[in-house]
>>> print(open('input26.cif').read())   # mmCIF, C-alpha atoms and all ligand atoms
data_run
loop_
_atom_site.group_PDB
_atom_site.id
_atom_site.type_symbol
_atom_site.label_atom_id
_atom_site.label_comp_id
_atom_site.auth_asym_id
_atom_site.auth_seq_id
_atom_site.Cartn_x
_atom_site.Cartn_y
_atom_site.Cartn_z
ATOM 1 C CA MET A 147 -59.200 30.407 36.112
ATOM 2 C CA ARG A 148 -59.951 28.408 32.955
ATOM 3 C CA ILE A 149 -60.086 24.650 33.361
ATOM 4 C CA LEU A 150 -60.075 21.730 30.933
ATOM 5 C CA ILE A 151 -61.645 18.502 32.202
ATOM 6 C CA ILE A 152 -60.647 15.341 30.313
ATOM 7 C CA GLY A 153 -63.393 12.765 30.897
ATOM 8 C CA CYS A 154 -67.082 13.515 31.420
ATOM 9 C CA GLY A 155 -67.985 10.393 33.384
ATOM 10 C CA SER A 156 -68.945 10.170 37.031
ATOM 11 C CA ILE A 157 -66.084 12.331 38.349
ATOM 12 C CA GLY A 158 -65.819 14.807 35.445
ATOM 13 C CA SER A 159 -69.572 15.498 35.437
ATOM 14 C CA VAL A 160 -69.921 16.158 39.170
ATOM 15 C CA LEU A 161 -66.723 18.198 39.106
ATOM 16 C CA ALA A 162 -67.862 20.376 36.182
ATOM 17 C CA LYS A 163 -71.228 21.064 37.828
ATOM 18 C CA THR A 164 -69.648 21.839 41.206
ATOM 19 C CA VAL A 165 -66.873 24.180 40.049
ATOM 20 C CA HIS A 166 -69.207 25.908 37.575
ATOM 21 C CA ASP A 167 -70.587 27.988 40.431
ATOM 22 C CA ILE A 168 -67.180 29.191 41.683
ATOM 23 C CA PRO A 169 -66.882 32.889 40.678
ATOM 24 C CA GLU A 170 -63.107 32.612 40.037
ATOM 25 C CA VAL A 171 -63.720 29.880 37.453
ATOM 26 C CA ASP A 172 -64.201 31.813 34.203
ATOM 27 C CA HIS A 173 -64.652 28.938 31.802
ATOM 28 C CA ILE A 174 -64.650 25.143 31.774
ATOM 29 C CA TYR A 175 -63.712 23.200 28.659
ATOM 30 C CA VAL A 176 -64.728 19.566 28.701
ATOM 31 C CA THR A 177 -63.590 16.768 26.448
ATOM 32 C CA ASP A 178 -64.339 13.083 26.188
ATOM 33 C CA GLN A 179 -63.631 10.396 23.632
ATOM 34 C CA LYS A 180 -67.415 10.069 23.413
ATOM 35 C CA LYS A 181 -68.993 13.494 22.851
ATOM 36 C CA ASP A 182 -72.414 12.099 23.887
ATOM 37 C CA PHE A 183 -71.140 11.875 27.469
ATOM 38 C CA ALA A 184 -70.595 15.645 27.553
ATOM 39 C CA VAL A 185 -73.929 16.742 26.077
ATOM 40 C CA HIS A 186 -75.775 16.938 29.413
ATOM 41 C CA LEU A 187 -73.078 19.329 30.692
ATOM 42 C CA ILE A 188 -72.917 21.600 27.638
ATOM 43 C CA ASP A 189 -76.719 21.858 27.497
ATOM 44 C CA SER A 190 -77.236 22.707 31.156
ATOM 45 C CA LEU A 191 -74.304 24.961 32.127
ATOM 46 C CA ASP A 192 -73.445 28.284 30.487
ATOM 47 C CA LYS A 193 -69.710 28.517 31.314
ATOM 48 C CA ILE A 194 -68.983 25.152 29.668
ATOM 49 C CA SER A 195 -67.959 24.282 26.123
ATOM 50 C CA PHE A 196 -66.893 21.042 24.471
ATOM 51 C CA VAL A 197 -63.567 20.642 22.704
ATOM 52 C CA ASP A 198 -62.789 17.574 20.666
ATOM 53 C CA ILE A 199 -60.072 15.431 22.264
ATOM 54 C CA SER A 200 -58.025 15.641 19.042
ATOM 55 C CA GLU A 201 -58.112 19.453 19.195
ATOM 56 C CA ILE A 202 -57.231 20.214 22.811
ATOM 57 C CA ASP A 203 -53.905 21.779 21.770
ATOM 58 C CA ARG A 204 -55.955 24.643 20.308
ATOM 59 C CA ILE A 205 -57.188 25.826 23.721
ATOM 60 C CA LEU A 206 -54.252 24.880 25.968
ATOM 61 C CA THR A 207 -52.633 28.330 25.764
ATOM 62 C CA GLU A 208 -55.598 29.795 27.658
ATOM 63 C CA VAL A 209 -56.042 26.961 30.187
ATOM 64 C CA HIS A 210 -54.594 27.189 33.711
ATOM 65 C CA LEU A 211 -55.461 23.731 34.983
ATOM 66 C CA VAL A 212 -56.252 20.411 33.302
ATOM 67 C CA VAL A 213 -58.139 17.796 35.299
ATOM 68 C CA GLU A 214 -57.620 14.243 34.086
ATOM 69 C CA ALA A 215 -60.747 12.287 35.045
ATOM 70 C CA ALA A 216 -60.687 9.639 32.327
ATOM 71 C CA SER A 217 -58.446 6.587 32.673
ATOM 72 C CA GLN A 218 -54.880 5.502 33.322
ATOM 73 C CA THR A 219 -54.379 5.257 29.545
ATOM 74 C CA ALA A 220 -55.531 8.855 29.100
ATOM 75 C CA ALA A 221 -53.302 9.980 31.984
ATOM 76 C CA LYS A 222 -50.278 8.356 30.366
ATOM 77 C CA LYS A 223 -51.082 9.929 27.010
ATOM 78 C CA TYR A 224 -51.901 13.501 28.038
ATOM 79 C CA VAL A 225 -50.261 14.292 31.392
ATOM 80 C CA PRO A 226 -46.607 14.381 30.180
ATOM 81 C CA GLN A 227 -47.578 16.568 27.183
ATOM 82 C CA LEU A 228 -49.352 19.028 29.469
ATOM 83 C CA LEU A 229 -46.522 19.190 31.991
ATOM 84 C CA LYS A 230 -44.024 19.817 29.150
ATOM 85 C CA LYS A 231 -46.075 22.909 28.317
ATOM 86 C CA GLY A 232 -45.904 24.031 31.962
ATOM 87 C CA ILE A 233 -49.630 23.454 32.544
ATOM 88 C CA ASP A 234 -50.791 22.387 36.017
ATOM 89 C CA VAL A 235 -52.505 19.003 36.117
ATOM 90 C CA MET A 236 -54.917 17.404 38.574
ATOM 91 C CA MET A 237 -54.823 13.649 38.218
ATOM 92 C CA MET A 238 -57.632 11.311 39.244
ATOM 93 C CA SER A 239 -56.311 8.110 37.603
ATOM 94 C CA VAL A 240 -53.534 8.150 40.165
ATOM 95 C CA GLY A 241 -52.979 4.388 39.843
ATOM 96 C CA ALA A 242 -50.946 5.298 36.726
ATOM 97 C CA PHE A 243 -48.214 6.433 39.115
ATOM 98 C CA SER A 244 -47.631 2.841 40.256
ATOM 99 C CA ASP A 245 -45.549 2.725 37.049
ATOM 100 C CA GLU A 246 -42.287 4.039 38.517
ATOM 101 C CA GLY A 247 -40.940 5.196 35.129
ATOM 102 C CA PHE A 248 -44.091 7.189 34.373
ATOM 103 C CA LYS A 249 -44.158 8.698 37.859
ATOM 104 C CA ASN A 250 -40.513 9.793 37.675
ATOM 105 C CA GLU A 251 -41.014 11.234 34.175
ATOM 106 C CA CYS A 252 -44.026 13.284 35.291
ATOM 107 C CA PHE A 253 -42.442 14.484 38.543
ATOM 108 C CA GLU A 254 -39.302 15.579 36.623
ATOM 109 C CA LEU A 255 -41.355 17.307 33.914
ATOM 110 C CA ALA A 256 -43.358 19.171 36.558
ATOM 111 C CA LYS A 257 -40.170 20.336 38.265
ATOM 112 C CA ASN A 258 -38.366 21.366 35.076
ATOM 113 C CA ASN A 259 -41.355 23.191 33.602
ATOM 114 C CA HIS A 260 -42.619 24.830 36.815
ATOM 115 C CA ALA A 261 -45.912 22.965 36.588
ATOM 116 C CA LYS A 262 -47.818 21.433 39.493
ATOM 117 C CA ILE A 263 -49.336 17.972 39.820
ATOM 118 C CA TYR A 264 -52.324 17.871 42.165
ATOM 119 C CA ILE A 265 -53.615 14.550 43.481
ATOM 120 C CA PRO A 266 -56.835 14.987 45.469
ATOM 121 C CA SER A 267 -57.508 12.785 48.493
ATOM 122 C CA GLY A 268 -60.147 11.087 46.337
ATOM 123 C CA ALA A 269 -62.360 8.447 47.869
ATOM 124 C CA VAL A 270 -60.332 7.904 51.030
ATOM 125 C CA CYS A 271 -60.075 9.801 54.306
ATOM 126 C CA GLY A 272 -56.959 10.142 56.434
ATOM 127 C CA THR A 273 -54.554 11.500 53.800
ATOM 128 C CA ASP A 274 -54.058 14.533 56.058
ATOM 129 C CA GLY A 275 -52.800 12.263 58.864
ATOM 130 C CA ILE A 276 -50.528 10.248 56.554
ATOM 131 C CA HIS A 277 -49.151 13.494 55.169
ATOM 132 C CA ALA A 278 -48.461 14.893 58.653
ATOM 133 C CA ALA A 279 -46.911 11.663 59.930
ATOM 134 C CA SER A 280 -44.715 11.266 56.823
ATOM 135 C CA SER A 281 -42.192 13.700 58.292
ATOM 136 C CA GLY A 282 -41.574 10.991 60.913
ATOM 137 C CA ALA A 283 -41.278 7.225 60.369
ATOM 138 C CA PHE A 284 -43.965 4.638 59.629
ATOM 139 C CA ASP A 285 -43.991 1.011 60.806
ATOM 140 C CA GLU A 286 -47.001 0.020 58.731
ATOM 141 C CA ILE A 287 -49.699 1.390 56.428
ATOM 142 C CA HIS A 288 -52.631 -0.899 55.604
ATOM 143 C CA LEU A 289 -55.695 -0.085 53.494
ATOM 144 C CA ILE A 290 -58.722 -2.379 53.869
ATOM 145 C CA THR A 291 -61.301 -1.775 51.144
ATOM 146 C CA THR A 292 -64.771 -3.331 51.034
ATOM 147 C CA LYS A 293 -66.950 -3.052 47.929
ATOM 148 C CA GLY A 294 -70.012 -4.807 46.560
ATOM 149 C CA PRO A 295 -69.904 -7.138 43.527
ATOM 150 C CA LYS A 296 -71.103 -4.382 41.128
ATOM 151 C CA SER A 297 -68.163 -2.180 42.114
ATOM 152 C CA LEU A 298 -65.585 -4.905 41.479
ATOM 153 C CA LYS A 299 -67.057 -6.592 38.418
ATOM 154 C CA GLY A 300 -64.745 -6.728 35.394
ATOM 155 C CA ALA A 301 -61.536 -5.984 37.321
ATOM 156 C CA PRO A 302 -58.595 -7.958 35.837
ATOM 157 C CA GLY A 303 -57.832 -9.310 39.334
ATOM 158 C CA ILE A 304 -61.333 -10.807 39.586
ATOM 159 C CA ILE A 305 -61.356 -12.215 36.042
ATOM 160 C CA LYS A 306 -57.932 -13.812 36.468
ATOM 161 C CA SER A 307 -58.741 -15.350 39.861
ATOM 162 C CA GLY A 308 -61.943 -16.900 38.487
ATOM 163 C CA ILE A 309 -63.964 -15.717 41.507
ATOM 164 C CA ASP A 310 -67.683 -15.637 40.710
ATOM 165 C CA LEU A 311 -68.766 -12.460 42.523
ATOM 166 C CA ASP A 312 -72.466 -13.226 42.026
ATOM 167 C CA SER A 313 -72.178 -16.488 43.943
ATOM 168 C CA LEU A 314 -70.729 -14.893 47.103
ATOM 169 C CA ILE A 315 -73.000 -15.063 50.143
ATOM 170 C CA GLU A 316 -70.651 -13.512 52.697
ATOM 171 C CA PRO A 317 -67.774 -10.958 52.761
ATOM 172 C CA THR A 318 -64.811 -12.564 50.967
ATOM 173 C CA VAL A 319 -61.205 -11.416 50.619
ATOM 174 C CA VAL A 320 -60.526 -11.087 46.879
ATOM 175 C CA PHE A 321 -57.063 -9.531 47.206
ATOM 176 C CA ASP A 322 -54.448 -9.348 49.944
ATOM 177 C CA GLY A 323 -50.976 -8.064 49.159
ATOM 178 C CA LYS A 324 -48.909 -5.015 48.283
ATOM 179 C CA ALA A 325 -50.357 -1.815 46.802
ATOM 180 C CA LYS A 326 -48.402 -2.236 43.543
ATOM 181 C CA ASP A 327 -50.203 -5.525 42.788
ATOM 182 C CA ALA A 328 -53.563 -4.160 43.986
ATOM 183 C CA VAL A 329 -53.351 -1.256 41.523
ATOM 184 C CA ASP A 330 -52.265 -3.563 38.676
ATOM 185 C CA LYS A 331 -55.108 -6.031 39.309
ATOM 186 C CA PHE A 332 -57.805 -3.456 40.153
ATOM 187 C CA PRO A 333 -56.812 -0.413 38.043
ATOM 188 C CA LYS A 334 -60.252 1.228 38.182
ATOM 189 C CA ASN A 335 -61.150 0.276 41.754
ATOM 190 C CA ILE A 336 -58.268 1.089 44.067
ATOM 191 C CA ASN A 337 -56.808 4.470 43.082
ATOM 192 C CA VAL A 338 -56.860 5.340 46.775
ATOM 193 C CA ALA A 339 -54.136 2.729 47.361
ATOM 194 C CA ALA A 340 -51.969 4.676 44.921
ATOM 195 C CA THR A 341 -52.655 7.991 46.655
ATOM 196 C CA ILE A 342 -51.808 6.496 50.062
ATOM 197 C CA SER A 343 -48.656 4.829 48.671
ATOM 198 C CA LEU A 344 -47.386 8.077 47.159
ATOM 199 C CA LEU A 345 -47.974 9.930 50.418
ATOM 200 C CA GLY A 346 -46.571 7.299 52.754
ATOM 201 C CA ILE A 347 -44.217 4.358 52.270
ATOM 202 C CA GLY A 348 -44.582 3.549 48.568
ATOM 203 C CA PHE A 349 -46.279 0.888 46.457
ATOM 204 C CA GLU A 350 -44.079 -2.020 47.604
ATOM 205 C CA LYS A 351 -44.540 -1.546 51.358
ATOM 206 C CA THR A 352 -48.166 -0.377 51.596
ATOM 207 C CA LYS A 353 -50.486 -3.312 52.361
ATOM 208 C CA VAL A 354 -53.893 -3.621 50.714
ATOM 209 C CA THR A 355 -56.784 -5.974 51.423
ATOM 210 C CA ILE A 356 -59.855 -5.922 49.151
ATOM 211 C CA ILE A 357 -63.050 -7.558 50.386
ATOM 212 C CA CYS A 358 -66.145 -8.180 48.295
ATOM 213 C CA ASP A 359 -69.260 -7.989 50.448
ATOM 214 C CA PRO A 360 -72.420 -9.099 48.606
ATOM 215 C CA ASN A 361 -74.549 -7.322 51.209
ATOM 216 C CA THR A 362 -73.067 -3.828 51.011
ATOM 217 C CA ASN A 363 -74.139 -0.904 48.855
ATOM 218 C CA LYS A 364 -71.158 1.221 49.969
ATOM 219 C CA ASN A 365 -67.491 1.531 48.937
ATOM 220 C CA SER A 366 -65.695 1.463 52.291
ATOM 221 C CA HIS A 367 -62.070 2.165 53.109
ATOM 222 C CA ILE A 368 -60.356 1.625 56.462
ATOM 223 C CA LEU A 369 -56.900 3.169 56.583
ATOM 224 C CA ILE A 370 -54.603 1.986 59.378
ATOM 225 C CA ALA A 371 -51.199 3.573 59.939
ATOM 226 C CA LYS A 372 -48.652 2.965 62.692
ATOM 227 C CA GLY A 373 -45.422 4.829 63.268
ATOM 228 C CA ASN A 374 -43.471 7.006 65.672
ATOM 229 C CA PHE A 375 -46.430 9.436 65.719
ATOM 230 C CA GLY A 376 -48.684 6.742 67.247
ATOM 231 C CA GLU A 377 -51.535 4.909 65.527
ATOM 232 C CA MET A 378 -54.264 6.073 63.212
ATOM 233 C CA LYS A 379 -57.437 4.369 61.995
ATOM 234 C CA CYS A 380 -59.739 6.194 59.575
ATOM 235 C CA GLU A 381 -62.910 4.745 58.084
ATOM 236 C CA VAL A 382 -65.142 6.067 55.328
ATOM 237 C CA ASN A 383 -68.296 4.416 53.966
ATOM 238 C CA ASN A 384 -68.816 5.965 50.547
ATOM 239 C CA VAL A 385 -71.922 6.225 48.413
ATOM 240 C CA PRO A 386 -71.008 4.845 44.955
ATOM 241 C CA SER A 387 -71.616 7.103 41.960
ATOM 242 C CA PRO A 388 -74.885 6.237 40.171
ATOM 243 C CA MET A 389 -73.005 6.599 36.831
ATOM 244 C CA ASN A 390 -70.156 4.272 37.807
ATOM 245 C CA PRO A 391 -70.429 1.976 40.864
ATOM 246 C CA ALA A 392 -66.623 1.537 40.929
ATOM 247 C CA THR A 393 -66.275 5.234 41.787
ATOM 248 C CA SER A 394 -67.345 6.902 45.011
ATOM 249 C CA TYR A 395 -69.161 10.238 44.982
ATOM 250 C CA LEU A 396 -66.584 11.522 47.482
ATOM 251 C CA ALA A 397 -63.851 11.214 44.821
ATOM 252 C CA ALA A 398 -65.567 13.823 42.634
ATOM 253 C CA LEU A 399 -66.269 16.065 45.632
ATOM 254 C CA SER A 400 -62.604 15.893 46.645
ATOM 255 C CA ALA A 401 -61.506 17.091 43.182
ATOM 256 C CA ALA A 402 -63.921 20.038 43.413
ATOM 257 C CA SER A 403 -62.692 20.882 46.925
ATOM 258 C CA SER A 404 -59.082 20.713 45.723
ATOM 259 C CA ILE A 405 -59.846 23.316 43.048
ATOM 260 C CA LYS A 406 -61.460 25.585 45.669
ATOM 261 C CA ARG A 407 -58.347 25.140 47.783
ATOM 262 C CA ILE A 408 -55.972 25.958 44.916
ATOM 263 C CA LEU A 409 -57.941 29.135 44.266
ATOM 264 C CA GLY A 410 -58.015 30.168 47.925
ATOM 265 C CA ASN A 411 -55.523 32.190 49.944
ATOM 266 C CA VAL A 412 -56.030 30.355 53.222
ATOM 267 C CA TRP A 413 -55.241 26.628 53.326
ATOM 268 C CA ILE A 414 -56.584 24.865 56.406
ATOM 269 C CA GLY A 415 -55.398 21.369 57.346
ATOM 270 C CA ILE A 416 -52.572 21.528 54.837
HETATM 271 N N1 LIG B 1 -58.412 9.159 42.917
HETATM 272 C C1 LIG B 1 -59.491 8.518 43.337
HETATM 273 O O1 LIG B 1 -59.747 8.382 44.522
HETATM 274 C C2 LIG B 1 -60.413 7.942 42.305
HETATM 275 C C3 LIG B 1 -61.651 7.452 42.698
HETATM 276 C C4 LIG B 1 -62.480 6.931 41.727
HETATM 277 C C5 LIG B 1 -62.068 6.860 40.406
HETATM 278 N N2 LIG B 1 -60.838 7.310 40.067
HETATM 279 C C6 LIG B 1 -60.337 7.236 38.682
HETATM 280 O O2 LIG B 1 -60.687 8.450 38.010
HETATM 281 C C7 LIG B 1 -60.908 8.185 36.615
HETATM 282 C C8 LIG B 1 -62.305 8.682 36.240
HETATM 283 O O3 LIG B 1 -63.276 7.985 37.014
HETATM 284 P P1 LIG B 1 -64.826 8.002 36.628
HETATM 285 O O4 LIG B 1 -65.549 7.249 37.678
HETATM 286 O O5 LIG B 1 -65.241 9.390 36.326
HETATM 287 O O6 LIG B 1 -64.802 7.132 35.285
HETATM 288 P P2 LIG B 1 -65.981 7.008 34.222
HETATM 289 O O7 LIG B 1 -65.745 5.720 33.527
HETATM 290 O O8 LIG B 1 -67.299 7.260 34.848
HETATM 291 O O9 LIG B 1 -65.683 8.217 33.212
HETATM 292 C C9 LIG B 1 -64.502 8.314 32.473
HETATM 293 C C10 LIG B 1 -64.792 9.139 31.223
HETATM 294 O O10 LIG B 1 -63.558 9.385 30.564
HETATM 295 C C11 LIG B 1 -63.714 9.111 29.173
HETATM 296 N N3 LIG B 1 -62.398 8.673 28.669
HETATM 297 C C12 LIG B 1 -61.744 7.540 28.963
HETATM 298 N N4 LIG B 1 -60.576 7.484 28.305
HETATM 299 C C13 LIG B 1 -60.488 8.622 27.593
HETATM 300 C C14 LIG B 1 -59.508 9.156 26.703
HETATM 301 N N5 LIG B 1 -58.390 8.466 26.400
HETATM 302 N N6 LIG B 1 -59.743 10.356 26.148
HETATM 303 C C15 LIG B 1 -60.882 11.040 26.417
HETATM 304 N N7 LIG B 1 -61.851 10.587 27.233
HETATM 305 C C16 LIG B 1 -61.652 9.391 27.811
HETATM 306 C C17 LIG B 1 -64.791 8.030 29.073
HETATM 307 O O11 LIG B 1 -65.434 8.046 27.811
HETATM 308 C C18 LIG B 1 -65.716 8.404 30.219
HETATM 309 O O12 LIG B 1 -66.754 9.276 29.835
HETATM 310 C C19 LIG B 1 -60.754 6.662 36.437
HETATM 311 O O13 LIG B 1 -59.444 6.367 35.997
HETATM 312 C C20 LIG B 1 -60.953 6.132 37.836
HETATM 313 O O14 LIG B 1 -60.298 4.885 38.047
HETATM 314 C C21 LIG B 1 -60.022 7.871 40.983
#
>>> encode(input="input26.cif", output="structure tokens")
Amino acid sequence: MRILIIGCGSIGSVLAKTVHDIPEVDHIYVTDQKKDFAVHLIDSLDKISFVDISEIDRILTEVHLVVEAASQTAAKKYVPQLLKKGIDVMMMSVGAFSDEGFKNECFELAKNNHAKIYIPSGAVCGTDGIHAASSGAFDEIHLITTKGPKSLKGAPGIIKSGIDLDSLIEPTVVFDGKAKDAVDKFPKNINVAATISLLGIGFEKTKVTIICDPNTNKNSHILIAKGNFGEMKCEVNNVPSPMNPATSYLAALSAASSIKRILGNVWIGI
């Protein structure tokens, strides 16, 4: 398999290093709007080469999977083009799918061009349970996310509300509402809400609470679901990426594990 990774930040870098050692991965192309971000990968790994973002068309005929690990803007720009060419795409900036028009366009393109869209579980745990229960009926799905000030700094939802994260002395709710609004106000911080919404009851019905805890150094998610299957409560306390505190290390690991799964013949916990 030959892979192109768009975005060499915290997810793209860990992903490239992790899948580099998979024997079935023949070559990894990486691209980034800032070539400097890719240098540490090209210099240290022999199966990797850099392709300029403006020249990716040149190598797409030999690529089997493109991983978008850049931004919602990049996802909106590149994912439809790739699907039109019948290329499978793994999307990390899954919050882009809160835009119903974009989601429908991509899902249609994938269907019509026999391409696949893969969305890893990312930084959350419990997607397996939501997936299993989705063949029944849900009464409620609620995601409660707790992050430190560094992980939430700069989010439009924080800037607009005027909350001074540095002045907080105790855990404080900074958002409480539907997943659609959470993704719009925290586009880089709450992709997991998008993943859960897509799997379960959608962006309008999924509830999200975001808490800023000045005393935590973890990105934590508690996922609560109730339905005719019973009740589920899953909690994960993630180590933030040293490159980007908004992103959890688990998100990059989940992308790597998804690639191993795609390559495998036995799928456990599907
Ligand atoms: N699905 C999940 O659970 C999950 C978890 C964390 C982060 N994310 C999302 O995944 C994406 C990547 O996260 P990250 O932590 O690696 O981000 P990052 O900021 O560490 O790295 C992103 C990289 O992409 C590059 N980039 C951005 N826009 C680009 C474009 N248009 N063309 C080419 N390169 C571009 C940047 O220069 C940067 O090097 C983000 O959108 C983030 O919100 C998803």
>>> closest_residue(input="input26.cif", among="A:Met236, A:Ile157, A:Val197, A:Leu211", to="ligand LIG 1 (chain B)", atoms="all atoms listed in the file")
A:Ile157
>>> residues_around(input="input26.cif", residues="Ile405 in chain A", least_positions_apart="6", cutoff="10 Å", atoms="all atoms listed in the file", output="ChimeraX atom specification")
/A:147,149,161,165,168,171,211,213,236,264,266
>>> write_last_selection(input="input26.cif", atoms="C-alpha atoms", output="short mmCIF file (atom, residue, chain, number, x, y, z; two decimals), keeping the file's coordinate frame")
data_model
loop_
_atom_site.label_atom_id
_atom_site.label_comp_id
_atom_site.auth_asym_id
_atom_site.auth_seq_id
_atom_site.Cartn_x
_atom_site.Cartn_y
_atom_site.Cartn_z
CA MET A 147 -59.20 30.41 36.11
CA ILE A 149 -60.09 24.65 33.36
CA LEU A 161 -66.72 18.20 39.11
CA VAL A 165 -66.87 24.18 40.05
CA ILE A 168 -67.18 29.19 41.68
CA VAL A 171 -63.72 29.88 37.45
CA LEU A 211 -55.46 23.73 34.98
CA VAL A 213 -58.14 17.80 35.30
CA MET A 236 -54.92 17.40 38.57
CA TYR A 264 -52.32 17.87 42.16
CA PRO A 266 -56.84 14.99 45.47
#
>>> residues_near_ligand(input="input26.cif", ligand="ligand LIG 1 (chain B)", cutoff="7 Å", atoms="all atoms listed in the file", output="PyMOL selection string")
chain A and resi 152-158+177-180+183+199+215-220+238-240+266-270+333-335+337-338+341+389-390+392-394+397
>>> residues_around(input="input26.cif", residues="Tyr395 in chain A", least_positions_apart="5", cutoff="9 Å", atoms="only C-alpha atoms", output="MDAnalysis selection string")
chainID A and resid 156:157 160 269 384:388 400
>>> closest_residue(input="input26.cif", among="A:Ser343, A:Ser280, A:Ser297, A:Asn363", to="Phe375 in chain A", atoms="all atoms listed in the file")
A:Ser280
>>> closest_residue(input="input26.cif", among="A:Ile265, A:Ala221, A:Ile276, A:Ile305", to="Lys372 in chain A", atoms="all atoms listed in the file")
A:Ile276
>>> residues_around(input="input26.cif", residues="Lys324 in chain A", least_positions_apart="5", cutoff="10 Å", atoms="all atoms listed in the file", output="PyMOL selection string")
chain A and resi 288-289+329+339+343+348-355
>>> atom_distance(input="input26.cif", atom1="CA of Ala279 in chain A", atom2="CA of Asp234 in chain A")
26.5 Å
>>> closest_residue(input="input26.cif", among="A:Ile368, A:Leu228, A:Ile356, A:Ala261", to="Pro295 in chain A", atoms="only C-alpha atoms")
A:Ile356
>>> residues_around(input="input26.cif", residues="Leu255 in chain A", least_positions_apart="3", cutoff="10 Å", atoms="all atoms listed in the file", output="PDB file with C-alpha atoms, in the frame of the given file")
ATOM      1  CA  VAL A 225     -50.261  14.292  31.392  1.00  0.00           C
ATOM      2  CA  PRO A 226     -46.607  14.381  30.180  1.00  0.00           C
ATOM      3  CA  GLN A 227     -47.578  16.568  27.183  1.00  0.00           C
ATOM      4  CA  LEU A 228     -49.352  19.028  29.469  1.00  0.00           C
ATOM      5  CA  LEU A 229     -46.522  19.190  31.991  1.00  0.00           C
ATOM      6  CA  LYS A 230     -44.024  19.817  29.150  1.00  0.00           C
ATOM      7  CA  LYS A 231     -46.075  22.909  28.317  1.00  0.00           C
ATOM      8  CA  GLY A 232     -45.904  24.031  31.962  1.00  0.00           C
ATOM      9  CA  LYS A 249     -44.158   8.698  37.859  1.00  0.00           C
ATOM     10  CA  ASN A 250     -40.513   9.793  37.675  1.00  0.00           C
ATOM     11  CA  GLU A 251     -41.014  11.234  34.175  1.00  0.00           C
ATOM     12  CA  CYS A 252     -44.026  13.284  35.291  1.00  0.00           C
ATOM     13  CA  ASN A 258     -38.366  21.366  35.076  1.00  0.00           C
ATOM     14  CA  ASN A 259     -41.355  23.191  33.602  1.00  0.00           C
ATOM     15  CA  HIS A 260     -42.619  24.830  36.815  1.00  0.00           C
ATOM     16  CA  ALA A 261     -45.912  22.965  36.588  1.00  0.00           C
ATOM     17  CA  LYS A 262     -47.818  21.433  39.493  1.00  0.00           C
ATOM     18  CA  ILE A 263     -49.336  17.972  39.820  1.00  0.00           C
TER      19      ILE A 263
END
>>> atom_distance(input="input26.cif", atom1="CA of Ala340 in chain A", atom2="CA of Pro317 in chain A")
23.6 Å
>>> closest_residue(input="input26.cif", among="A:Ser159, A:Glu286, A:Ala401, A:Thr273", to="Val185 in chain A", atoms="only C-alpha atoms")
A:Ser159
>>> build_atoms(input="input26.cif", residues="range 206-217 of chain A", atoms="N, CA and C atoms", output="mmCIF file, in the frame of the given file")
data_model
loop_
_atom_site.group_PDB
_atom_site.id
_atom_site.type_symbol
_atom_site.label_atom_id
_atom_site.label_comp_id
_atom_site.auth_asym_id
_atom_site.auth_seq_id
_atom_site.Cartn_x
_atom_site.Cartn_y
_atom_site.Cartn_z
ATOM 1 N N LEU A 206 -55.132 25.023 24.799
ATOM 2 C CA LEU A 206 -54.252 24.880 25.968
ATOM 3 C C LEU A 206 -53.557 26.172 26.379
ATOM 4 N N THR A 207 -53.334 27.084 25.418
ATOM 5 C CA THR A 207 -52.633 28.330 25.764
ATOM 6 C C THR A 207 -53.449 29.181 26.735
ATOM 7 N N GLU A 208 -54.774 28.973 26.756
ATOM 8 C CA GLU A 208 -55.598 29.795 27.658
ATOM 9 C C GLU A 208 -56.079 29.028 28.902
ATOM 10 N N VAL A 209 -55.585 27.779 29.061
ATOM 11 C CA VAL A 209 -56.042 26.961 30.187
ATOM 12 C C VAL A 209 -55.013 26.993 31.322
ATOM 13 N N HIS A 210 -55.503 27.133 32.563
ATOM 14 C CA HIS A 210 -54.594 27.189 33.711
ATOM 15 C C HIS A 210 -54.449 25.844 34.402
ATOM 16 N N LEU A 211 -55.478 25.020 34.280
ATOM 17 C CA LEU A 211 -55.461 23.731 34.983
ATOM 18 C C LEU A 211 -56.193 22.698 34.136
ATOM 19 N N VAL A 212 -55.572 21.524 33.978
ATOM 20 C CA VAL A 212 -56.252 20.411 33.302
ATOM 21 C C VAL A 212 -56.531 19.338 34.339
ATOM 22 N N VAL A 213 -57.782 18.897 34.392
ATOM 23 C CA VAL A 213 -58.139 17.796 35.299
ATOM 24 C C VAL A 213 -58.297 16.537 34.468
ATOM 25 N N GLU A 214 -57.471 15.549 34.751
ATOM 26 C CA GLU A 214 -57.620 14.243 34.086
ATOM 27 C C GLU A 214 -58.587 13.426 34.936
ATOM 28 N N ALA A 215 -59.752 13.116 34.358
ATOM 29 C CA ALA A 215 -60.747 12.287 35.045
ATOM 30 C C ALA A 215 -61.261 11.254 34.048
ATOM 31 N N ALA A 216 -60.325 10.534 33.435
ATOM 32 C CA ALA A 216 -60.687 9.639 32.327
ATOM 33 C C ALA A 216 -60.253 8.200 32.596
ATOM 34 N N SER A 217 -58.960 7.955 32.526
ATOM 35 C CA SER A 217 -58.446 6.587 32.673
ATOM 36 C C SER A 217 -56.925 6.657 32.796
#
